[in-house]
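Engineer: File work-v7.cif follows (mmCIF, C-alpha atoms):
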data_run
loop_
_atom_site.label_atom_id
_atom_site.label_comp_id
_atom_site.auth_asym_id
_atom_site.auth_seq_id
_atom_site.Cartn_x
_atom_site.Cartn_y
_atom_site.Cartn_z
CA MET Q 487 -11.83 -0.77 14.76
CA ASP Q 488 -9.78 -3.01 17.06
CA ASP Q 489 -12.95 -4.46 18.59
CA LEU Q 490 -14.57 -4.89 15.18
CA LEU Q 491 -11.67 -6.87 13.73
CA ARG Q 492 -11.57 -9.15 16.76
CA GLN Q 493 -15.05 -10.41 15.86
CA PRO Q 494 -15.84 -13.24 13.43
CA LEU Q 495 -16.91 -11.88 10.06
CA ASP Q 496 -20.62 -12.59 10.56
CA ASP Q 497 -20.62 -10.87 13.95
CA ALA Q 498 -18.73 -7.90 12.52
CA GLN Q 499 -21.32 -7.54 9.77
CA ALA Q 500 -24.09 -7.41 12.38
CA THR Q 501 -22.16 -4.83 14.40
CA VAL Q 502 -21.70 -2.60 11.37
CA ALA Q 503 -25.39 -2.92 10.46
CA ALA Q 504 -26.43 -1.96 13.99
CA ALA Q 505 -24.22 1.14 13.91
CA GLY Q 506 -26.33 2.75 11.19
CA ASP Q 507 -25.26 5.21 8.51
CA ALA Q 508 -22.17 7.28 9.37
CA SER Q 509 -21.72 8.80 5.90
CA ASP Q 510 -22.80 12.30 7.00
CA LEU Q 511 -20.42 12.75 9.95
CA GLY Q 512 -18.40 15.44 8.14
CA GLY Q 513 -15.18 16.91 9.50
CA VAL Q 514 -11.68 15.59 8.96
CA LEU Q 515 -11.33 11.91 8.16
CA LEU Q 516 -8.61 10.04 10.02
CA ALA Q 517 -6.71 7.11 8.56
CA PRO Q 518 -8.87 3.98 9.00
CA VAL Q 519 -6.41 2.26 11.31
CA GLU Q 520 -6.22 1.95 15.12
CA SER Q 521 -3.79 -0.64 16.50
CA GLN Q 522 -3.39 -2.49 13.22
CA GLU Q 523 0.02 -2.93 11.63
CA VAL Q 524 0.30 -2.17 7.93
CA TRP Q 525 2.17 -4.72 5.81
CA GLY Q 526 2.92 -4.87 2.12
CA ALA Q 527 3.33 -7.47 -0.60
CA GLY Q 528 5.80 -6.73 -3.37
CA VAL Q 529 6.44 -7.83 -6.94
CA THR Q 530 2.87 -9.04 -7.35
CA TYR Q 531 2.36 -7.39 -10.76
CA GLU Q 532 4.47 -7.91 -13.86
CA ARG Q 533 4.95 -4.14 -14.13
CA SER Q 534 6.25 -4.06 -10.56
CA ARG Q 535 8.74 -6.82 -11.33
CA ASP Q 536 9.95 -4.97 -14.41
CA GLY Q 537 10.27 -1.70 -12.52
CA ARG Q 538 12.27 -3.31 -9.73
CA ILE Q 539 14.60 -4.95 -12.26
CA GLU Q 540 15.10 -1.62 -14.04
CA GLU Q 541 16.02 0.24 -10.84
CA SER Q 542 18.10 -2.41 -9.09
CA THR Q 543 21.75 -3.38 -9.16
CA GLU Q 544 20.53 -6.91 -8.33
CA GLY Q 545 17.55 -7.23 -10.66
CA GLY Q 546 17.55 -11.03 -10.75
CA VAL Q 547 16.18 -11.34 -7.21
CA TYR Q 548 12.93 -9.70 -8.32
CA ASP Q 549 12.58 -11.98 -11.32
CA ARG Q 550 12.91 -14.97 -9.00
CA VAL Q 551 10.47 -13.77 -6.32
CA TYR Q 552 7.84 -12.99 -8.98
CA VAL Q 553 7.55 -16.69 -9.87
CA ALA Q 554 8.44 -18.16 -6.46
CA GLN Q 555 5.91 -19.95 -4.27
CA ARG Q 556 6.63 -17.58 -1.36
CA PRO Q 557 5.82 -13.91 -2.06
CA GLU Q 558 7.72 -10.88 -0.86
CA VAL Q 559 5.96 -9.68 2.31
CA TYR Q 560 7.33 -6.82 4.38
CA PHE Q 561 6.41 -4.62 7.32
CA LYS Q 562 5.32 -1.12 6.30
CA ALA Q 563 3.94 1.04 9.14
CA THR Q 564 2.33 1.36 12.53
CA ALA Q 565 -0.79 3.48 12.89
CA PRO Q 566 0.92 6.74 13.98
CA ARG Q 567 2.96 6.76 10.75
CA VAL Q 568 -0.07 6.38 8.48
CA ALA Q 569 -1.59 9.45 6.79
CA GLY Q 570 -5.33 9.75 6.32
CA PRO Q 571 -7.24 11.48 3.50
CA GLY Q 572 -5.85 14.96 2.85
CA GLN Q 573 -2.93 14.50 5.24
CA PRO Q 574 0.64 14.74 3.91
CA VAL Q 575 2.59 11.72 2.76
CA GLY Q 576 6.37 11.93 2.78
CA VAL Q 577 9.37 11.44 0.56
CA ARG Q 578 12.78 10.98 2.14
CA ALA Q 579 15.23 13.86 2.04
CA ASP Q 580 18.09 11.38 1.50
CA SER Q 581 16.49 9.86 -1.61
CA PRO Q 582 16.56 11.52 -5.04
CA TRP Q 583 14.09 9.09 -6.64
CA ASN Q 584 10.70 8.50 -4.98
CA ALA Q 585 7.42 7.11 -6.23
CA PRO Q 586 3.80 6.69 -5.21
CA GLU Q 587 2.56 3.11 -5.13
CA PRO Q 588 -1.25 3.02 -5.52
CA GLU Q 589 -2.54 -0.24 -4.11
CA LEU Q 590 -5.56 -2.15 -2.94
CA GLY Q 591 -5.37 -2.85 0.79
CA LEU Q 592 -6.90 -5.92 2.41
CA VAL Q 593 -8.26 -5.38 5.93
CA ILE Q 594 -7.76 -8.64 7.81
CA ASN Q 595 -9.40 -9.66 11.09
CA THR Q 596 -7.80 -11.64 13.90
CA ALA Q 597 -8.97 -14.92 12.35
CA GLY Q 598 -7.16 -14.12 9.10
CA GLU Q 599 -10.39 -13.44 7.21
CA ILE Q 600 -10.66 -10.55 4.77
CA PHE Q 601 -12.99 -8.07 6.45
CA GLY Q 602 -12.83 -5.34 3.82
CA TYR Q 603 -10.92 -3.26 1.30
CA VAL Q 604 -9.19 0.11 1.52
CA ILE Q 605 -7.13 2.28 -0.84
CA GLY Q 606 -3.46 2.55 0.05
CA ASN Q 607 -0.40 4.50 -1.05
CA ASP Q 608 2.84 2.65 -0.28
CA VAL Q 609 5.19 5.58 -0.93
CA SER Q 610 8.70 4.28 -1.61
CA SER Q 611 12.27 5.35 -2.28
CA ARG Q 612 13.27 3.71 -5.53
CA SER Q 613 16.85 4.93 -5.28
CA ILE Q 614 17.45 3.38 -1.85
CA GLU Q 615 16.00 -0.02 -2.69
CA GLY Q 616 17.60 0.04 -6.12
CA GLU Q 617 21.03 0.47 -4.57
CA ASN Q 618 20.68 -2.76 -2.60
CA PRO Q 619 17.64 -5.04 -1.98
CA LEU Q 620 18.68 -5.26 1.69
CA TYR Q 621 17.82 -1.58 2.00
CA LEU Q 622 14.13 -2.38 1.48
CA PRO Q 623 13.16 -1.41 5.08
CA GLN Q 624 14.71 2.05 4.65
CA ALA Q 625 13.02 2.46 1.28
CA LYS Q 626 9.63 1.52 2.71
CA VAL Q 627 9.53 2.38 6.43
CA TYR Q 628 9.81 6.01 7.46
CA ASP Q 629 7.57 8.84 8.69
CA ARG Q 630 4.48 9.43 6.52
CA SER Q 631 5.45 6.64 4.10
CA SER Q 632 1.91 5.25 3.98
CA ALA Q 633 -1.58 6.60 3.39
CA LEU Q 634 -4.93 4.83 3.77
CA GLY Q 635 -8.48 5.93 3.06
CA PRO Q 636 -10.97 7.37 2.54
CA GLY Q 637 -12.57 4.49 4.48
CA ILE Q 638 -12.92 0.73 4.67
CA VAL Q 639 -15.54 -0.95 2.50
CA PRO Q 640 -16.55 -4.31 4.06
CA VAL Q 641 -16.47 -7.30 1.74
CA TRP Q 642 -20.24 -7.76 1.98
CA ALA Q 643 -20.81 -4.17 0.79
CA ALA Q 644 -18.11 -4.03 -1.88
CA THR Q 645 -18.43 -4.79 -5.56
CA ALA Q 646 -16.85 -8.07 -6.59
CA PRO Q 647 -13.16 -7.93 -7.58
CA PRO Q 648 -11.27 -7.12 -9.72
CA PHE Q 649 -10.83 -3.42 -8.88
CA ASP Q 650 -9.66 -0.79 -11.35
CA ILE Q 651 -7.02 1.57 -9.90
CA PHE Q 652 -6.20 5.04 -11.26
CA CYS Q 653 -3.45 7.37 -10.06
CA ARG Q 654 -2.79 11.02 -10.87
CA VAL Q 655 -0.01 13.28 -9.58
CA ASP Q 656 -0.67 17.04 -9.81
CA ARG Q 657 2.22 19.47 -9.72
CA GLY Q 658 1.87 23.24 -9.80
CA GLY Q 659 -1.45 23.16 -11.64
CA ASP Q 660 -0.29 20.57 -14.19
CA VAL Q 661 -0.66 16.80 -14.32
CA ALA Q 662 2.82 15.34 -13.82
CA PHE Q 663 1.87 11.67 -14.02
CA THR Q 664 -1.09 9.36 -14.59
CA GLY Q 665 -1.33 5.59 -14.53
CA THR Q 666 -3.92 2.83 -14.40
CA THR Q 667 -4.00 -0.84 -13.52
CA SER Q 668 -6.42 -3.52 -12.34
CA THR Q 669 -6.18 -6.10 -9.59
CA ALA Q 670 -7.02 -8.57 -12.35
CA ASN Q 671 -3.32 -8.31 -13.21
CA LEU Q 672 -2.18 -9.58 -9.80
CA ILE Q 673 -0.18 -12.79 -10.09
CA ARG Q 674 -1.34 -13.86 -6.60
CA GLY Q 675 -4.84 -14.02 -5.15
CA PHE Q 676 -6.07 -12.11 -2.10
CA GLU Q 677 -6.46 -15.25 0.02
CA GLU Q 678 -3.00 -16.47 -0.99
CA LEU Q 679 -1.35 -13.22 0.12
CA THR Q 680 -3.32 -13.19 3.36
CA GLY Q 681 -2.34 -16.79 4.01
CA TRP Q 682 1.37 -16.03 3.73
CA LEU Q 683 1.12 -12.99 5.99
CA THR Q 684 -0.63 -14.96 8.73
CA ALA Q 685 1.37 -18.20 8.30
CA ALA Q 686 3.48 -17.53 11.41
CA LEU Q 687 2.14 -14.20 12.67
CA THR Q 688 -0.89 -13.46 14.81
CA PHE Q 689 -2.56 -10.06 14.80
CA PRO Q 690 -4.57 -9.45 18.00
CA ALA Q 691 -6.34 -6.45 16.44
CA GLY Q 692 -6.14 -7.48 12.80
CA ALA Q 693 -3.88 -6.02 10.12
CA ILE Q 694 -3.87 -4.27 6.77
CA LEU Q 695 -2.03 -5.85 3.84
CA LEU Q 696 -1.24 -3.75 0.78
CA THR Q 697 -1.31 -6.06 -2.23
CA GLY Q 698 1.35 -4.43 -4.42
CA THR Q 699 1.29 -1.92 -7.23
CA GLY Q 700 0.84 -2.28 -10.97
CA ILE Q 701 1.47 1.44 -11.53
CA VAL Q 702 5.20 2.18 -11.73
CA PRO Q 703 6.42 5.48 -13.23
CA ASP Q 704 9.55 5.31 -15.38
CA GLU Q 705 12.87 6.67 -14.16
CA SER Q 706 12.16 10.17 -15.52
CA PHE Q 707 9.54 10.74 -12.79
CA SER Q 708 10.05 11.33 -9.07
CA LEU Q 709 7.64 12.62 -6.45
CA GLN Q 710 8.42 16.13 -5.20
CA PRO Q 711 7.30 18.11 -2.17
CA GLY Q 712 4.18 20.05 -3.14
CA ASP Q 713 2.82 17.33 -5.41
CA VAL Q 714 -0.66 15.95 -4.75
CA VAL Q 715 -1.23 12.22 -5.26
CA THR Q 716 -4.80 11.16 -6.03
CA ILE Q 717 -5.79 7.51 -6.18
CA ASP Q 718 -9.23 6.39 -7.37
CA VAL Q 719 -10.48 2.82 -7.00
CA ALA Q 720 -13.88 2.06 -8.46
CA GLY Q 721 -16.30 1.24 -5.65
CA LEU Q 722 -13.89 2.26 -2.88
CA GLY Q 723 -13.60 6.02 -3.38
CA THR Q 724 -10.74 8.49 -3.70
CA LEU Q 725 -7.63 9.01 -1.59
CA ALA Q 726 -5.73 12.29 -2.09
CA ASN Q 727 -2.59 13.39 -0.23
CA PRO Q 728 -0.12 16.27 -0.60
CA VAL Q 729 3.58 15.39 -0.54
CA VAL Q 730 6.11 16.76 1.96
CA LEU Q 731 9.80 16.18 2.58
CA VAL Q 732 10.71 14.13 5.68
CA GLY Q 733 14.00 13.41 7.38
CA ARG Q 734 17.36 14.92 6.57
CA ALA Q 735 19.74 14.69 3.66
CA LEU Q 736 22.97 12.77 4.02
CA ASP Q 737 26.06 14.80 4.85
#
Let me see the structure of the file written as structure tokens.
Structural biologist:
Amino acid sequence: MDDLLRQPLDDAQATVAAAGDASDLGGVLLAPVESQEVWGAGVTYERSRDGRIEESTEGGVYDRVYVAQRPEVYFKATAPRVAGPGQPVGVRADSPWNAPEPELGLVINTAGEIFGYVIGNDVSSRSIEGENPLYLPQAKVYDRSSALGPGIVPVWAATAPPFDIFCRVDRGGDVAFTGTTSTANLIRGFEELTGWLTAALTFPAGAILLTGTGIVPDESFSLQPGDVVTIDVAGLGTLANPVVLVGRALD
């Protein structure tokens, strides 16, 4: 994947075509990431803005960033911390309120071009970020806080945006939560978000940018160990991950 994302888009398309069909490989699928960093964009949907305002002691900052020229862009994960299809995602033991964040991921090559799309889960601690916006890194960056999969669909093989996104959380044989959104509701375009990420950063092996979530459960819902989060995106497939507890509770 590193080598592929170092190529111009036309060359990468030819490389993929020459590789043939790999759809019948079978076995366990790994997260579609090698040396790429995973980044996220926040408050890109109206529902996300509203959810952040509801949870935060400083809600006004989210109202301002929603309409600002510069988006919220943050570091999320390195490859070893990313779960693949069927692998566990984590919720922090020191956070009582945690949520899945089903998102469309943009796979970006070294030239800053959008190579493809992937489903992402930007699992987050709503209680930690809600306490103080400066705690965003702790709310977002921890072991197993991100999942990607089931695979990357190159832009030339994907259906044209927008993409419909569906999320379901199963708990003990029951459905604990469902939600839907569409990337048509994004306030910022894919190229705009990519442009801000790469404005002063180079990515020698490309990067993955999660574009934000429009599915935000209300405060009565929190992810629990044993839950299974399933995200469907039309044309991109299904990403399902069980939930485990990570870290340690505060003394």
Engineer: With the PyMOL selection byres ((chain Q and resi 582) around 12) as the selection, what would be picked from this file? Answer as a short mmCIF file (atom, residue, chain, number, x, y, z; two decimals) with C-alpha atoms, in the coordinates of the input, please.
Structural biologist:
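Once written, selection-v9.cif looks like this:
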data_model
loop_
_atom_site.label_atom_id
_atom_site.label_comp_id
_atom_site.auth_asym_id
_atom_site.auth_seq_id
_atom_site.Cartn_x
_atom_site.Cartn_y
_atom_site.Cartn_z
CA VAL Q 577 9.37 11.44 0.56
CA ARG Q 578 12.78 10.98 2.14
CA ALA Q 579 15.23 13.86 2.04
CA ASP Q 580 18.09 11.38 1.50
CA SER Q 581 16.49 9.86 -1.61
CA TRP Q 583 14.09 9.09 -6.64
CA ASN Q 584 10.70 8.50 -4.98
CA ALA Q 585 7.42 7.11 -6.23
CA SER Q 610 8.70 4.28 -1.61
CA SER Q 611 12.27 5.35 -2.28
CA ARG Q 612 13.27 3.71 -5.53
CA SER Q 613 16.85 4.93 -5.28
CA ILE Q 614 17.45 3.38 -1.85
CA GLU Q 615 16.00 -0.02 -2.69
CA GLY Q 616 17.60 0.04 -6.12
CA GLU Q 617 21.03 0.47 -4.57
CA ALA Q 625 13.02 2.46 1.28
CA GLU Q 705 12.87 6.67 -14.16
CA SER Q 706 12.16 10.17 -15.52
CA PHE Q 707 9.54 10.74 -12.79
CA SER Q 708 10.05 11.33 -9.07
CA LEU Q 709 7.64 12.62 -6.45
CA GLN Q 710 8.42 16.13 -5.20
CA PRO Q 711 7.30 18.11 -2.17
CA LEU Q 731 9.80 16.18 2.58
CA ALA Q 735 19.74 14.69 3.66
CA LEU Q 736 22.97 12.77 4.02
#
Engineer: Hey, which of Q:Glu587, Q:Asp489, Q:Glu558, Q:Asp704 ends up closest to Trp682 of chain Q? Count only C-alpha atoms.
Structural biologist: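 Looking only at the distances to Trp682 of chain Q, the closest residue turns out to be Q:Glu558.
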Engineer: The PyMOL selection byres ((chain Q and resi 698) around 12) on the file shown: which residues, as a compact mmCIF listing (two decimals) with C-alpha atoms, in the coordinates of the input?
Structural biologist:
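Produced file out_10.txt, reproduced below:
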# COMPACT_ATOMS: atom_id res chain seq x y z
CA TRP Q 525 2.17 -4.72 5.81
CA GLY Q 526 2.92 -4.87 2.12
CA ALA Q 527 3.33 -7.47 -0.60
CA GLY Q 528 5.80 -6.73 -3.37
CA VAL Q 529 6.44 -7.83 -6.94
CA THR Q 530 2.87 -9.04 -7.35
CA TYR Q 531 2.36 -7.39 -10.76
CA GLU Q 532 4.47 -7.91 -13.86
CA ARG Q 533 4.95 -4.14 -14.13
CA SER Q 534 6.25 -4.06 -10.56
CA ARG Q 535 8.74 -6.82 -11.33
CA TYR Q 552 7.84 -12.99 -8.98
CA PRO Q 557 5.82 -13.91 -2.06
CA GLU Q 558 7.72 -10.88 -0.86
CA VAL Q 559 5.96 -9.68 2.31
CA TYR Q 560 7.33 -6.82 4.38
CA LYS Q 562 5.32 -1.12 6.30
CA PRO Q 586 3.80 6.69 -5.21
CA GLU Q 587 2.56 3.11 -5.13
CA PRO Q 588 -1.25 3.02 -5.52
CA GLU Q 589 -2.54 -0.24 -4.11
CA LEU Q 590 -5.56 -2.15 -2.94
CA GLY Q 591 -5.37 -2.85 0.79
CA LEU Q 592 -6.90 -5.92 2.41
CA ILE Q 605 -7.13 2.28 -0.84
CA GLY Q 606 -3.46 2.55 0.05
CA ASN Q 607 -0.40 4.50 -1.05
CA ASP Q 608 2.84 2.65 -0.28
CA VAL Q 609 5.19 5.58 -0.93
CA SER Q 610 8.70 4.28 -1.61
CA ILE Q 651 -7.02 1.57 -9.90
CA THR Q 667 -4.00 -0.84 -13.52
CA SER Q 668 -6.42 -3.52 -12.34
CA THR Q 669 -6.18 -6.10 -9.59
CA ASN Q 671 -3.32 -8.31 -13.21
CA LEU Q 672 -2.18 -9.58 -9.80
CA ILE Q 673 -0.18 -12.79 -10.09
CA ARG Q 674 -1.34 -13.86 -6.60
CA GLY Q 675 -4.84 -14.02 -5.15
CA PHE Q 676 -6.07 -12.11 -2.10
CA LEU Q 679 -1.35 -13.22 0.12
CA LEU Q 695 -2.03 -5.85 3.84
CA LEU Q 696 -1.24 -3.75 0.78
CA THR Q 697 -1.31 -6.06 -2.23
CA THR Q 699 1.29 -1.92 -7.23
CA GLY Q 700 0.84 -2.28 -10.97
CA ILE Q 701 1.47 1.44 -11.53
CA VAL Q 702 5.20 2.18 -11.73
Engineer: Given the PyMOL selection byres ((chain Q and resi 594) around 8) and the file above, list the residues it selects as a PyMOL selection string.
Structural biologist: chain Q and resi 491+592-593+595-602+680+692-695
Engineer: So, counting all atoms listed in the file, which residue among Q:Ala691, Q:Leu722, Q:Ala554, Q:Val502 is closest to Asp488 of chain Q?
Structural biologist: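 The answer is Q:Ala691, which sits nearest to Asp488 of chain Q.
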Engineer: Extract, using all atoms listed in the file, all DNA, RNA and protein residues at most 7 Å from Asn727 of chain Q, discarding same-chain residues fewer than 5 positions from it, and format them as a VMD selection string.
Structural biologist: chain Q and resid 571 to 575 714 to 716
Engineer: I'd like to know which of Q:Phe561, Q:Tyr603, Q:Phe689, Q:Tyr621 is closest to Val641 of chain Q, using only C-alpha atoms.
Structural biologist: Q:Tyr603
Engineer: Using all atoms listed in the file, which of Q:Pro636, Q:Gly681, Q:Pro623, Q:Gly506 sits nearest Ala569 of chain Q?
Structural biologist: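 Looking only at the distances to Ala569 of chain Q, the closest residue turns out to be Q:Pro636.
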Engineer: Report as JSON lines: every residue of segment 564-603 of chain Q with an atom at most 9 Å from segment 519-524 of chain Q, its closest pair of atoms, and their distance in Å to one decimal, counting all atoms listed in the file, with rows sorted by chain and ascending residue number.
Structural biologist:
{"residue": "Q:Thr564", "atom": "CA", "partner": "Q:Glu523", "partner_atom": "CA", "distance": 5.0}
{"residue": "Q:Ala565", "atom": "CA", "partner": "Q:Val519", "partner_atom": "CA", "distance": 6.0}
{"residue": "Q:Pro566", "atom": "CA", "partner": "Q:Glu520", "partner_atom": "CA", "distance": 8.7}
{"residue": "Q:Val568", "atom": "CA", "partner": "Q:Val519", "partner_atom": "CA", "distance": 8.1}
Engineer: Would you please work out which residue, of Q:Arg630, Q:Ser542, Q:Arg734, Q:Pro640, is nearest to Gln499 of chain Q when using only C-alpha atoms?
Structural biologist: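 Of Q:Arg630, Q:Ser542, Q:Arg734, Q:Pro640, the one nearest Gln499 of chain Q, counting only C-alpha atoms, is Q:Pro640.
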Engineer: For atom CA of Ala720 of chain Q and atom CA of Phe649 of chain Q, determine how far apart the two atoms are, in Å to one decimal place.
Structural biologist: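 Result for atom CA of Ala720 of chain Q versus atom CA of Phe649 of chain Q: 6.3 Å, one decimal.
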Engineer: What does the structure give for the distance between atom CA of Ile717 of chain Q and atom CA of Cys653 of chain Q, in Å to one decimal?
Structural biologist: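 Value for the atom CA of Ile717 of chain Q-atom CA of Cys653 of chain Q distance: 4.5 Å.
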Engineer: Separation of atom CA of Thr645 of chain Q and atom CA of Arg567 of chain Q, in Å?
Structural biologist: 29.3 Å
Engineer: Please write out, as lines of an AutoDock Vina configuration file, where the centre of an axis-aligned box around all listed atoms of segment 658-672 of chain Q lies and how long its edges are, in Å to one decimal, after adding 4 Å on each side.
Structural biologist:
center_x = -2.1
center_y = 6.8
center_z = -12.1
size_x = 17.8
size_y = 40.8
size_z = 13.0
Engineer: Taking into account all atoms listed in the file, which residue in the set Q:Leu725, Q:Leu516, Q:Ala504, Q:Val547 is nearest to Pro619 of chain Q?
Structural biologist: Q:Val547
Engineer: Should you be able to, write segment 607-664 of chain Q of this structure into a file that contains C-alpha atoms, as a short mmCIF file (atom, residue, chain, number, x, y, z; two decimals), in the first residue's frame.
Structural biologist:
data_model
loop_
_atom_site.label_atom_id
_atom_site.label_comp_id
_atom_site.auth_asym_id
_atom_site.auth_seq_id
_atom_site.Cartn_x
_atom_site.Cartn_y
_atom_site.Cartn_z
CA ASN Q 607 -15.04 4.02 12.88
CA ASP Q 608 -13.57 6.94 14.86
CA VAL Q 609 -14.46 5.61 18.32
CA SER Q 610 -14.47 8.47 20.82
CA SER Q 611 -14.90 9.32 24.49
CA ARG Q 612 -17.66 11.88 24.67
CA SER Q 613 -17.22 12.40 28.40
CA ILE Q 614 -13.52 13.28 28.13
CA GLU Q 615 -13.90 15.74 25.27
CA GLY Q 616 -17.07 17.15 26.78
CA GLU Q 617 -15.22 18.01 29.98
CA ASN Q 618 -12.77 20.22 28.12
CA PRO Q 619 -12.11 20.67 24.35
CA LEU Q 620 -8.37 20.56 25.09
CA TYR Q 621 -8.82 16.91 26.06
CA LEU Q 622 -9.62 16.04 22.42
CA PRO Q 623 -6.39 13.99 21.96
CA GLN Q 624 -7.25 11.80 24.95
CA ALA Q 625 -10.82 11.40 23.73
CA LYS Q 626 -9.65 10.36 20.26
CA VAL Q 627 -6.19 8.77 20.50
CA TYR Q 628 -5.80 5.54 22.44
CA ASP Q 629 -5.37 1.81 21.76
CA ARG Q 630 -7.96 0.36 19.35
CA SER Q 631 -9.70 3.73 18.94
CA SER Q 632 -9.99 3.35 15.17
CA ALA Q 633 -11.22 0.72 12.73
CA LEU Q 634 -10.92 0.65 8.94
CA GLY Q 635 -12.24 -1.77 6.34
CA PRO Q 636 -13.29 -4.02 4.83
CA GLY Q 637 -11.07 -2.68 2.03
CA ILE Q 638 -10.25 0.37 -0.05
CA VAL Q 639 -12.38 1.09 -3.12
CA PRO Q 640 -10.37 3.21 -5.62
CA VAL Q 641 -12.09 6.33 -6.90
CA TRP Q 642 -12.22 4.96 -10.45
CA ALA Q 643 -14.09 1.85 -9.25
CA ALA Q 644 -16.41 3.53 -6.74
CA THR Q 645 -19.90 4.82 -7.31
CA ALA Q 646 -20.13 8.60 -7.43
CA PRO Q 647 -20.69 10.36 -4.09
CA PRO Q 648 -22.70 10.98 -1.99
CA PHE Q 649 -22.50 7.81 0.12
CA ASP Q 650 -25.24 6.60 2.43
CA ILE Q 651 -23.94 5.45 5.84
CA PHE Q 652 -25.79 3.10 8.22
CA CYS Q 653 -24.72 2.09 11.72
CA ARG Q 654 -26.08 -0.60 14.03
CA VAL Q 655 -24.90 -1.56 17.52
CA ASP Q 656 -25.88 -5.06 18.71
CA ARG Q 657 -25.89 -5.87 22.40
CA GLY Q 658 -26.68 -9.28 23.86
CA GLY Q 659 -28.86 -10.32 20.92
CA ASP Q 660 -30.75 -7.01 20.78
CA VAL Q 661 -30.25 -3.89 18.69
CA ALA Q 662 -29.09 -1.15 21.07
CA PHE Q 663 -28.73 1.63 18.51
CA THR Q 664 -29.22 2.41 14.83
#
